[in-house]
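Undergrad: Next comes the structure file coords.txt, holding compact mmCIF, C-alpha atoms.
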```
# COMPACT_ATOMS: atom_id res chain seq x y z
CA MET A 272 15.20 -6.58 16.18
CA SER A 273 11.89 -6.91 18.05
CA ALA A 274 9.51 -3.99 18.59
CA GLY A 275 10.12 -4.20 22.32
CA ALA A 276 13.83 -3.66 21.81
CA LEU A 277 13.14 -0.34 20.15
CA ARG A 278 11.46 1.04 23.24
CA ILE A 279 13.24 3.23 25.78
CA PRO A 280 12.28 3.61 29.44
CA ARG A 281 11.02 6.91 30.80
CA SER A 282 14.23 7.47 32.68
CA ALA A 283 16.16 7.48 29.36
CA PHE A 284 13.81 9.95 27.68
CA GLY A 285 15.77 13.20 27.74
CA ARG A 286 15.46 16.87 26.88
CA GLY A 287 16.61 16.25 23.32
CA HIS A 288 13.69 13.92 22.64
CA VAL A 289 11.20 16.48 23.98
CA GLN A 290 12.74 19.27 21.93
CA ALA A 291 12.62 17.11 18.81
CA VAL A 292 8.90 16.42 19.26
CA ALA A 293 8.17 20.09 19.94
CA GLY A 294 10.24 21.20 16.97
CA CYS A 295 8.46 18.80 14.64
CA TYR A 296 5.09 20.04 15.87
CA PHE A 297 6.15 23.63 15.15
CA VAL A 298 7.21 22.70 11.63
CA ALA A 299 4.01 20.78 10.90
CA SER A 300 1.63 23.35 12.40
CA PHE A 301 3.01 26.34 10.50
CA ALA A 302 0.29 26.22 7.84
CA ALA A 303 -2.47 24.86 10.09
CA LEU A 304 -2.12 27.75 12.57
CA GLY A 305 -0.77 30.53 10.39
CA LEU A 306 -3.01 30.52 7.32
CA PRO A 307 -6.56 30.48 8.85
CA PRO A 308 -6.36 34.17 9.95
CA TYR A 309 -6.20 34.97 6.20
CA LEU A 310 -9.42 33.13 5.31
CA THR A 311 -11.07 36.50 4.80
CA GLU A 312 -8.59 37.02 1.94
CA ILE A 313 -8.71 33.45 0.59
CA LEU A 314 -12.47 32.97 0.33
CA PRO A 315 -13.30 35.80 -2.14
CA GLY A 316 -11.12 34.03 -4.72
CA LEU A 317 -13.20 30.88 -4.23
CA GLY A 318 -16.57 32.56 -4.79
CA ASP A 319 -17.40 33.80 -1.28
CA ARG A 320 -17.10 37.52 -2.06
CA ASP A 321 -17.82 38.79 1.47
CA ALA A 322 -15.91 35.96 3.20
CA SER A 323 -19.09 35.26 5.14
CA TRP A 324 -18.01 31.64 5.65
CA ALA A 325 -14.68 32.56 7.26
CA GLY A 326 -15.84 31.93 10.84
CA VAL A 327 -17.36 28.57 9.95
CA LEU A 328 -14.45 27.36 7.83
CA TYR A 329 -12.03 28.51 10.52
CA VAL A 330 -13.37 25.71 12.73
CA VAL A 331 -14.06 23.01 10.11
CA PRO A 332 -10.69 21.29 10.77
CA THR A 333 -11.36 21.73 14.47
CA VAL A 334 -14.77 20.04 14.30
CA PHE A 335 -13.50 16.94 12.57
CA GLY A 336 -10.25 16.96 14.51
CA GLY A 337 -12.22 16.92 17.75
CA ILE A 338 -14.36 14.02 16.57
CA ALA A 339 -11.34 12.00 15.47
CA ALA A 340 -8.97 12.84 18.37
CA PRO A 341 -10.34 10.38 21.00
CA VAL A 342 -10.34 7.57 18.43
CA TRP A 343 -6.75 8.26 17.34
CA GLY A 344 -5.74 8.53 21.01
CA ARG A 345 -7.12 5.10 21.88
CA LEU A 346 -5.50 3.62 18.78
CA ALA A 347 -2.18 5.15 19.87
CA ASP A 348 -2.46 3.46 23.27
CA ARG A 349 -3.10 0.17 21.50
CA TYR A 350 -0.78 0.24 18.49
CA GLY A 351 1.98 2.68 19.46
CA ARG A 352 2.23 6.43 19.99
CA LYS A 353 5.04 6.96 17.50
CA ARG A 354 3.18 5.18 14.72
CA LEU A 355 0.08 7.32 15.19
CA LEU A 356 2.17 10.48 15.44
CA LEU A 357 3.73 9.74 12.05
CA ARG A 358 0.25 9.10 10.64
CA ALA A 359 -0.89 12.54 11.80
CA GLN A 360 2.02 14.33 10.12
CA LEU A 361 1.50 12.56 6.81
CA GLY A 362 -2.24 13.22 6.98
CA LEU A 363 -1.60 16.95 7.35
CA ALA A 364 0.64 16.96 4.28
CA VAL A 365 -2.07 15.35 2.12
CA ALA A 366 -4.70 17.81 3.35
CA PHE A 367 -2.50 20.86 2.72
CA VAL A 368 -1.80 19.83 -0.87
CA LEU A 369 -5.52 19.41 -1.54
CA ALA A 370 -6.34 22.78 0.09
CA GLY A 371 -3.68 24.61 -1.90
CA TRP A 372 -4.90 23.30 -5.25
CA ALA A 373 -8.64 23.51 -4.57
CA ASP A 374 -10.40 25.76 -7.12
CA SER A 375 -13.84 25.94 -5.50
CA LEU A 376 -15.31 26.61 -2.09
CA ALA A 377 -16.56 23.01 -1.89
CA GLY A 378 -13.13 21.57 -2.71
CA PHE A 379 -11.41 23.84 -0.22
CA THR A 380 -13.92 22.86 2.47
CA LEU A 381 -13.35 19.16 1.76
CA ALA A 382 -9.60 19.66 2.19
CA LEU A 383 -10.19 21.32 5.56
CA VAL A 384 -12.39 18.38 6.60
CA LEU A 385 -9.58 15.98 5.73
CA GLN A 386 -7.12 18.18 7.63
CA GLY A 387 -9.20 17.67 10.76
CA ILE A 388 -9.69 13.93 10.32
CA LEU A 389 -6.17 13.03 9.21
CA GLY A 390 -4.26 15.55 11.36
CA GLY A 391 -4.33 15.77 15.15
CA THR A 392 -0.59 16.28 15.55
CA PHE A 393 -0.92 18.13 18.86
CA ALA A 394 -2.84 15.37 20.65
CA ALA A 395 -0.60 12.72 19.08
CA SER A 396 2.54 14.56 20.24
CA ASN A 397 1.17 14.99 23.77
CA GLY A 398 0.21 11.32 23.93
CA TYR A 399 3.73 10.39 22.86
CA LEU A 400 5.23 12.60 25.59
CA GLY A 401 2.71 11.35 28.16
CA ALA A 402 3.93 7.79 27.61
CA ALA A 403 7.52 8.86 28.25
CA LEU A 404 7.23 11.41 31.08
CA GLU A 405 5.19 12.14 34.19
CA GLY A 406 4.70 14.79 36.87
CA PRO A 407 6.64 18.08 36.59
CA ALA A 408 8.70 16.75 33.69
CA LEU A 409 5.52 16.08 31.71
CA SER A 410 3.94 19.44 32.54
CA LYS A 411 7.14 21.21 31.48
CA ALA A 412 7.19 19.24 28.23
CA LEU A 413 3.54 20.12 27.59
CA THR A 414 4.39 23.77 28.26
CA LEU A 415 7.11 23.51 25.63
CA MET A 416 4.61 21.97 23.22
CA GLN A 417 2.31 24.93 23.72
CA GLY A 418 5.35 27.10 23.07
CA SER A 419 5.70 25.42 19.69
CA ALA A 420 2.07 26.23 18.91
CA ARG A 421 2.51 29.84 20.01
CA ALA A 422 5.72 30.13 17.98
CA ALA A 423 3.82 29.02 14.89
CA LEU A 424 1.11 31.57 15.63
CA VAL A 425 3.77 34.26 16.07
CA PHE A 426 5.81 33.62 12.94
CA ALA A 427 3.37 32.02 10.50
CA PRO A 428 0.93 34.98 10.14
CA ILE A 429 3.87 37.35 9.68
CA VAL A 430 5.51 35.13 7.06
CA VAL A 431 2.20 34.54 5.26
CA GLY A 432 1.53 38.28 5.22
CA ALA A 433 5.02 39.03 3.93
CA LEU A 434 4.77 36.36 1.19
CA SER A 435 1.27 37.33 0.10
CA GLY A 436 2.69 39.82 -2.40
CA TRP A 437 4.37 36.97 -4.31
CA LEU A 438 2.12 34.00 -3.53
CA SER A 439 -1.48 34.14 -2.36
CA PRO A 440 -2.27 32.67 1.10
CA HIS A 441 -4.46 30.13 -0.70
CA ARG A 442 -1.58 28.69 -2.74
CA GLN A 443 0.73 28.79 0.26
CA TYR A 444 -1.18 25.78 1.63
CA ALA A 445 0.34 23.61 -1.11
CA LEU A 446 3.82 25.06 -0.64
CA LEU A 447 3.77 24.50 3.12
CA ALA A 448 2.76 20.84 2.75
CA VAL A 449 6.47 20.09 2.61
CA LEU A 450 6.76 20.99 6.31
CA PRO A 451 4.76 18.09 7.83
CA LEU A 452 6.54 15.76 5.42
CA THR A 453 9.85 16.98 6.82
CA ALA A 454 8.56 16.56 10.37
CA ALA A 455 7.57 12.96 9.63
CA LEU A 456 11.07 12.16 8.40
CA LEU A 457 12.59 13.63 11.56
CA LEU A 458 10.16 11.83 13.88
CA ALA A 459 10.91 8.50 12.22
CA ALA A 460 14.29 8.56 13.98
CA LEU A 461 12.76 8.84 17.47
CA PRO A 462 12.15 5.76 19.66
CA GLU A 463 8.88 4.39 20.92
CA PRO A 464 8.66 5.33 24.64
CA GLY A 465 8.46 2.38 27.01
CA PRO A 466 6.84 1.90 30.41
CA THR A 467 8.22 3.33 33.60
CA PRO A 468 10.83 1.09 35.28
CA ARG A 469 9.00 0.95 38.60
CA SER A 470 6.40 -1.68 39.31
CA THR A 471 2.70 -1.22 38.65
CA ALA A 472 1.92 -1.65 42.36
CA GLU A 473 4.41 1.06 43.31
CA ALA A 474 2.91 3.39 40.71
CA ALA A 475 -0.59 2.74 42.06
CA VAL A 476 0.51 3.63 45.60
CA THR A 477 2.06 6.89 44.38
CA VAL A 478 -1.14 7.88 42.57
CA ALA A 479 -3.28 6.95 45.56
CA ASP A 480 -1.17 9.04 47.92
CA THR A 481 -1.37 12.14 45.73
CA PRO A 482 -4.90 13.57 45.36
CA PRO A 483 -5.49 15.42 42.07
CA VAL A 484 -5.68 19.20 42.14
CA MET A 485 -8.80 19.16 40.00
CA SER A 486 -11.20 16.52 38.73
CA LEU A 487 -10.94 15.27 35.17
CA ARG A 488 -14.37 16.70 34.36
CA ALA A 489 -13.29 20.09 35.71
CA LEU A 490 -10.16 19.94 33.56
CA TYR A 491 -12.26 19.27 30.47
CA ALA A 492 -14.60 22.17 31.35
CA LEU A 493 -11.68 24.55 31.85
CA GLU A 494 -10.12 23.47 28.55
CA PHE A 495 -13.38 24.17 26.73
CA ALA A 496 -13.89 27.56 28.38
CA PHE A 497 -10.30 28.66 27.87
CA VAL A 498 -10.25 27.78 24.19
CA PHE A 499 -13.64 29.38 23.62
CA SER A 500 -12.73 32.67 25.28
CA THR A 501 -9.42 33.02 23.43
CA VAL A 502 -10.08 31.50 20.00
CA ILE A 503 -13.26 33.53 19.49
CA SER A 504 -11.10 36.58 18.79
CA PHE A 505 -8.97 34.86 16.11
CA PRO A 506 -11.13 34.65 12.92
CA TYR A 507 -12.10 38.31 12.68
CA LEU A 508 -9.16 39.98 14.41
CA ILE A 509 -7.64 41.23 11.15
CA ALA A 510 -11.06 42.62 10.17
CA LEU A 511 -11.25 44.35 13.57
CA VAL A 512 -7.79 45.85 13.06
CA ASP A 513 -8.83 47.15 9.63
CA ASP A 514 -11.99 48.62 11.14
CA ARG A 515 -10.18 50.43 13.95
CA LEU A 516 -6.96 51.25 12.07
CA PRO A 517 -7.80 51.67 8.36
CA GLY A 518 -4.91 51.15 6.00
CA THR A 519 -2.99 48.77 8.28
CA SER A 520 -0.57 46.64 6.25
CA PRO A 521 -0.93 42.82 6.23
CA THR A 522 2.46 42.48 7.91
CA LEU A 523 1.49 44.77 10.82
CA SER A 524 -1.83 42.93 11.16
CA GLY A 525 0.12 39.69 11.43
CA VAL A 526 2.35 41.17 14.14
CA LEU A 527 -0.68 42.32 16.15
CA PHE A 528 -2.22 38.87 15.79
CA ALA A 529 1.01 37.31 17.06
CA LEU A 530 1.64 39.51 20.11
CA PRO A 531 -0.21 37.41 22.75
CA HIS A 532 1.56 34.29 21.56
CA LEU A 533 4.89 36.08 21.71
CA CYS A 534 4.15 36.78 25.39
CA TYR A 535 3.84 33.04 25.93
CA LEU A 536 7.18 32.36 24.27
CA VAL A 537 8.90 34.92 26.48
CA ALA A 538 7.32 34.06 29.84
CA ALA A 539 5.97 30.47 29.75
CA LEU A 540 8.85 28.71 31.54
CA ALA A 541 9.03 31.40 34.23
CA VAL A 542 5.26 31.12 34.78
CA HIS A 543 5.58 27.33 34.97
CA SER A 544 8.13 27.64 37.77
CA ALA A 545 5.98 30.18 39.64
CA PHE A 546 2.60 28.40 39.36
CA ARG A 547 3.32 24.67 39.06
CA GLU A 548 2.40 24.24 42.75
CA ARG A 549 -0.70 26.49 42.53
CA PRO A 550 -2.22 26.02 39.08
CA ARG A 551 -5.75 26.81 40.23
CA THR A 552 -4.72 30.31 41.30
CA GLY A 553 -2.99 30.79 37.98
CA MET A 554 -6.12 29.73 36.09
CA VAL A 555 -8.29 32.27 37.91
CA LEU A 556 -5.80 35.07 37.34
CA GLY A 557 -5.40 34.04 33.71
CA PHE A 558 -9.15 34.21 33.01
CA VAL A 559 -9.37 37.62 34.69
CA LEU A 560 -6.59 39.00 32.47
CA ILE A 561 -8.17 37.44 29.37
CA ALA A 562 -11.51 39.09 30.22
CA LEU A 563 -9.88 42.50 30.67
CA GLY A 564 -7.76 42.17 27.55
CA LEU A 565 -10.63 41.12 25.30
CA ALA A 566 -12.94 43.79 26.66
CA GLY A 567 -10.26 46.35 25.87
CA HIS A 568 -10.27 45.24 22.22
CA GLY A 569 -13.79 46.57 21.91
CA LEU A 570 -12.82 50.03 23.17
CA VAL A 571 -9.44 50.91 21.66
CA ASP A 572 -9.03 53.18 18.63
CA SER A 573 -5.25 53.69 18.36
CA LEU A 574 -2.24 51.50 17.66
CA PRO A 575 -0.55 51.94 21.11
CA ALA A 576 -3.81 51.08 22.90
CA LEU A 577 -4.34 48.03 20.70
CA ILE A 578 -0.81 46.83 21.43
CA ALA A 579 -1.45 47.26 25.17
CA VAL A 580 -4.64 45.16 25.19
CA ARG A 581 -2.98 42.51 23.02
CA LEU A 582 -0.18 42.23 25.59
CA LEU A 583 -2.73 42.05 28.42
CA LEU A 584 -4.48 39.23 26.60
CA GLY A 585 -1.07 37.59 26.16
CA ALA A 586 -0.45 37.62 29.91
CA GLY A 587 -3.76 35.86 30.52
CA LEU A 588 -3.12 33.44 27.67
CA THR A 589 0.25 32.50 29.15
CA LEU A 590 -1.08 31.92 32.65
CA GLY A 591 -4.03 29.88 31.43
CA LEU A 592 -2.09 27.68 29.03
CA VAL A 593 0.73 26.90 31.47
CA CYS A 594 -1.62 26.06 34.33
CA LEU A 595 -3.76 23.89 32.07
CA GLN A 596 -0.66 21.85 31.22
CA VAL A 597 0.15 21.46 34.93
CA LEU A 598 -3.40 20.27 35.62
CA ALA A 599 -3.30 17.90 32.62
CA ALA A 600 -0.02 16.34 33.78
CA ASP A 601 -1.54 15.91 37.25
CA CYS A 602 -4.62 14.15 35.83
CA ALA A 603 -2.44 11.94 33.60
CA LYS A 604 -1.07 9.99 36.56
CA GLY A 605 -2.24 6.40 36.30
CA ARG A 606 -4.13 6.94 33.03
CA ALA A 607 -3.45 5.89 29.44
CA PRO A 608 -1.97 9.05 27.89
CA GLY A 609 -3.33 8.57 24.40
CA GLY A 610 -6.92 8.35 25.58
CA LEU A 611 -6.58 11.22 28.04
CA PHE A 612 -4.96 13.66 25.65
CA GLY A 613 -7.27 12.59 22.85
CA SER A 614 -10.29 13.36 25.04
CA LEU A 615 -8.73 16.64 26.17
CA GLU A 616 -8.22 17.55 22.52
CA PHE A 617 -11.90 16.80 21.89
CA PHE A 618 -12.98 19.41 24.45
CA SER A 619 -10.39 21.84 23.13
CA LYS A 620 -11.77 21.43 19.61
CA ALA A 621 -15.33 21.72 20.91
CA GLY A 622 -14.44 25.06 22.50
CA ALA A 623 -12.89 26.24 19.25
CA VAL A 624 -15.95 25.16 17.27
CA ALA A 625 -18.27 27.02 19.60
CA ALA A 626 -15.98 30.04 19.41
CA GLY A 627 -15.94 30.05 15.60
CA LEU A 628 -19.70 29.78 15.34
CA ALA A 629 -20.19 32.51 17.95
CA ALA A 630 -17.66 34.72 16.17
CA ALA A 631 -19.40 34.28 12.81
CA ALA A 632 -22.87 34.96 14.23
CA GLY A 633 -21.77 37.90 16.38
CA SER A 634 -19.70 39.65 13.70
CA VAL A 635 -22.50 39.45 11.12
CA ARG A 636 -25.07 40.89 13.51
CA PHE A 637 -23.03 43.32 15.63
CA GLY A 638 -19.75 43.91 13.79
CA PRO A 639 -16.13 42.77 14.26
CA ALA A 640 -16.00 43.84 17.93
CA ALA A 641 -18.71 41.35 18.98
CA PRO A 642 -16.45 38.25 19.20
CA VAL A 643 -13.95 39.86 21.60
CA LEU A 644 -16.71 41.13 23.88
CA THR A 645 -18.34 37.68 23.93
CA GLY A 646 -14.99 36.11 24.82
CA ALA A 647 -14.50 38.64 27.62
CA ALA A 648 -17.84 37.72 29.16
CA ALA A 649 -17.09 33.98 28.93
CA ALA A 650 -13.68 34.42 30.58
CA ALA A 651 -15.14 36.49 33.42
CA VAL A 652 -17.79 33.86 34.17
CA THR A 653 -15.19 31.06 34.11
CA ALA A 654 -12.89 32.95 36.48
CA VAL A 655 -15.67 33.00 39.06
CA ALA A 656 -16.64 29.37 38.42
CA THR A 657 -13.05 28.17 38.93
CA LEU A 658 -13.22 29.33 42.54
CA LEU A 659 -16.20 27.07 43.32
CA PRO A 660 -15.59 24.01 45.54
CA SER A 661 -17.27 21.75 42.96
CA MET A 662 -14.14 22.03 40.79
CA THR A 663 -12.14 20.09 43.39
CA PRO A 664 -12.67 16.29 43.29
CA ARG A 665 -13.85 14.33 46.31
CA TRP A 666 -10.97 12.21 47.49
CA SER A 667 -10.67 9.22 49.71
CA ARG A 668 -7.83 6.76 50.17
```
Could you render the structure as structure tokens?

TA:
Amino acid sequence: MSAGALRIPRSAFGRGHVQAVAGCYFVASFAALGLPPYLTEILPGLGDRDASWAGVLYVVPTVFGGIAAPVWGRLADRYGRKRLLLRAQLGLAVAFVLAGWADSLAGFTLALVLQGILGGTFAASNGYLGAALEGPALSKALTLMQGSARAALVFAPIVVGALSGWLSPHRQYALLAVLPLTAALLLAALPEPGPTPRSTAEAAVTVADTPPVMSLRALYALEFAFVFSTVISFPYLIALVDDRLPGTSPTLSGVLFALPHLCYLVAALAVHSAFRERPRTGMVLGFVLIALGLAGHGLVDSLPALIAVRLLLGAGLTLGLVCLQVLAADCAKGRAPGGLFGSLEFFSKAGAVAAGLAAAAGSVRFGPAAPVLTGAAAAAVTAVATLLPSMTPRWSR
């Protein structure tokens, strides 16, 4: 059977295919998203007694993932999205095994570098979906993909914390390598998405008649700012919880870490329905809530207050993520999806890198509250900038 015969048109790409891709991403990202919050516990066993490298190592996979993402995206457009998606899953498995068995800080760092270069499952999954869907269907699928990421961030830290009494978070890397291998086996059964049935000329007319909500450059800038303002609180959150609430158990710390992402799981589809026609408004409101939530982290000193600001941050996180997916689906019209989502992943990774470096520098100089206050300031500035006319592209038929 020829390769072309294995392709399916967009019209035949159903909900089951989308759910399969999202489920496989959840399975594969369990270790990648759930274990980094415990770097402050992993690094002392590798020679970094004060875990001073936690903020830097938190973003090492992100740095190299961002560098590699545009290249993998273009290769996916050329050689097939499914093939490159399978490559990403297998690359993660190799990196996790190496990280779990590393016995030095240098070896562990090398494994994280390989995780960034060989991984990239999120961009690969989005590129696969972008080749099969468009418009509201694509934005809804991207919202579901973000739900998979949030689900991993909800459950993985809790599971890692619960298992830490029997198996250290460091060794859990090797154990969880089986998950991307399983995802690769499941994805092997999916088809390669084919082109839309309509003609190229008809597609061009549709794109020309529908001006984008926001320019591609503005989308990249928003992606960077959003990731920076939210991720900056991740590396040292558990340290902040220990500082404000001494004696907090690892399991409770994991629950507090997961709360904003749980908000996304509960409300994302409802927010998508409410803001898919006005994503710019949703972005502004999201950044405002993120700024308020992060600022509150620097002031609270009790468990109920900390829960409240985590939920406020979750509301902003949900609005921002959903509206970013709507804007990305809008910009994807008429563009090669692998290249677009690979480039978008580059700016996402760049924001995470900047956030990790800022978190490391701020926490060393000013304490564990510095990262959340820096993120609050960045979100407030971005909320104002999103209202500027320069964010809207000039358009002419």

Undergrad: Work out how far apart CA of Ala454 (chain A) and CA of Ala364 (chain A) are and give it in Å to one decimal.

TA: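 CA of Ala364 (chain A) lies at a distance of 10.0 Å from CA of Ala454 (chain A).
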
Undergrad: Excluding Lys620 (chain A) and residues on its chain fewer than 4 positions from it, collect all residues at most 9 Å away from it, counting only C-alpha atoms, and give them as a list in words.

TA: Val330, Pro332, Thr333, Val334, Phe335, Gly336, Gly337, Ile338, Phe495, Val498, Leu615, Glu616, Val624 and Ala625 of chain A

Undergrad: Could you check the closest approach to Ala566 (chain A) for each of A:Ala291, A:Ala640, A:Val430, A:Ala603 and tell me which residue wins, using all atoms listed in the file?

TA: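 Selected residue with least distance to Ala566 (chain A): A:Ala640.
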
Undergrad: Kindly indicate which residue among A:Gly633, A:Gly518, A:Gly418, A:Gly285 lies nearest to Pro531 (chain A), using only C-alpha atoms for the distances.

TA: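 With only C-alpha atoms as the atom set, the closest residue is A:Gly418.
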
Undergrad: Do you have the CA of Leu409 (chain A)-CA of Ala600 (chain A) distance handy?

TA: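 Distance reported for this atom pair: 5.9 Å.
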
Undergrad: Within 9 Å of Phe426 (chain A), counting all atoms listed in the file, which residues show up once you throw out same-chain ones fewer than 2 positions away? Write them as a list in words, please.

TA: Phe301, Gly305, Arg421, Ala422, Ala423, Leu424, Pro428, Ile429, Val430, Val431, Gly525, Val526 and Ala529 of chain A

Undergrad: Because the input lacks atoms here, generate N, CA and C atoms for region 608-619 of chain A and report them as an mmCIF file, in the frame of the given file.

TA:
```cif
data_model
loop_
_atom_site.group_PDB
_atom_site.id
_atom_site.type_symbol
_atom_site.label_atom_id
_atom_site.label_comp_id
_atom_site.auth_asym_id
_atom_site.auth_seq_id
_atom_site.Cartn_x
_atom_site.Cartn_y
_atom_site.Cartn_z
ATOM 1 N N PRO A 608 -2.132 7.683 28.393
ATOM 2 C CA PRO A 608 -1.970 9.050 27.890
ATOM 3 C C PRO A 608 -2.655 9.317 26.566
ATOM 4 N N GLY A 609 -2.687 8.334 25.680
ATOM 5 C CA GLY A 609 -3.330 8.570 24.400
ATOM 6 C C GLY A 609 -4.803 8.894 24.549
ATOM 7 N N GLY A 610 -5.500 8.105 25.355
ATOM 8 C CA GLY A 610 -6.920 8.350 25.580
ATOM 9 C C GLY A 610 -7.183 9.659 26.279
ATOM 10 N N LEU A 611 -6.372 9.979 27.287
ATOM 11 C CA LEU A 611 -6.580 11.220 28.040
ATOM 12 C C LEU A 611 -6.362 12.438 27.158
ATOM 13 N N PHE A 612 -5.241 12.484 26.459
ATOM 14 C CA PHE A 612 -4.960 13.660 25.650
ATOM 15 C C PHE A 612 -5.847 13.723 24.408
ATOM 16 N N GLY A 613 -6.299 12.580 23.935
ATOM 17 C CA GLY A 613 -7.270 12.590 22.850
ATOM 18 C C GLY A 613 -8.594 13.176 23.301
ATOM 19 N N SER A 614 -9.049 12.804 24.502
ATOM 20 C CA SER A 614 -10.290 13.360 25.040
ATOM 21 C C SER A 614 -10.137 14.844 25.344
ATOM 22 N N LEU A 615 -8.975 15.225 25.884
ATOM 23 C CA LEU A 615 -8.730 16.640 26.170
ATOM 24 C C LEU A 615 -8.751 17.449 24.870
ATOM 25 N N GLU A 616 -8.202 16.872 23.812
ATOM 26 C CA GLU A 616 -8.220 17.550 22.520
ATOM 27 C C GLU A 616 -9.647 17.688 22.005
ATOM 28 N N PHE A 617 -10.501 16.711 22.298
ATOM 29 C CA PHE A 617 -11.900 16.800 21.890
ATOM 30 C C PHE A 617 -12.563 18.029 22.503
ATOM 31 N N PHE A 618 -12.354 18.251 23.796
ATOM 32 C CA PHE A 618 -12.980 19.410 24.450
ATOM 33 C C PHE A 618 -12.334 20.712 23.997
ATOM 34 N N SER A 619 -11.041 20.664 23.690
ATOM 35 C CA SER A 619 -10.390 21.840 23.130
ATOM 36 C C SER A 619 -10.999 22.196 21.773
#
```
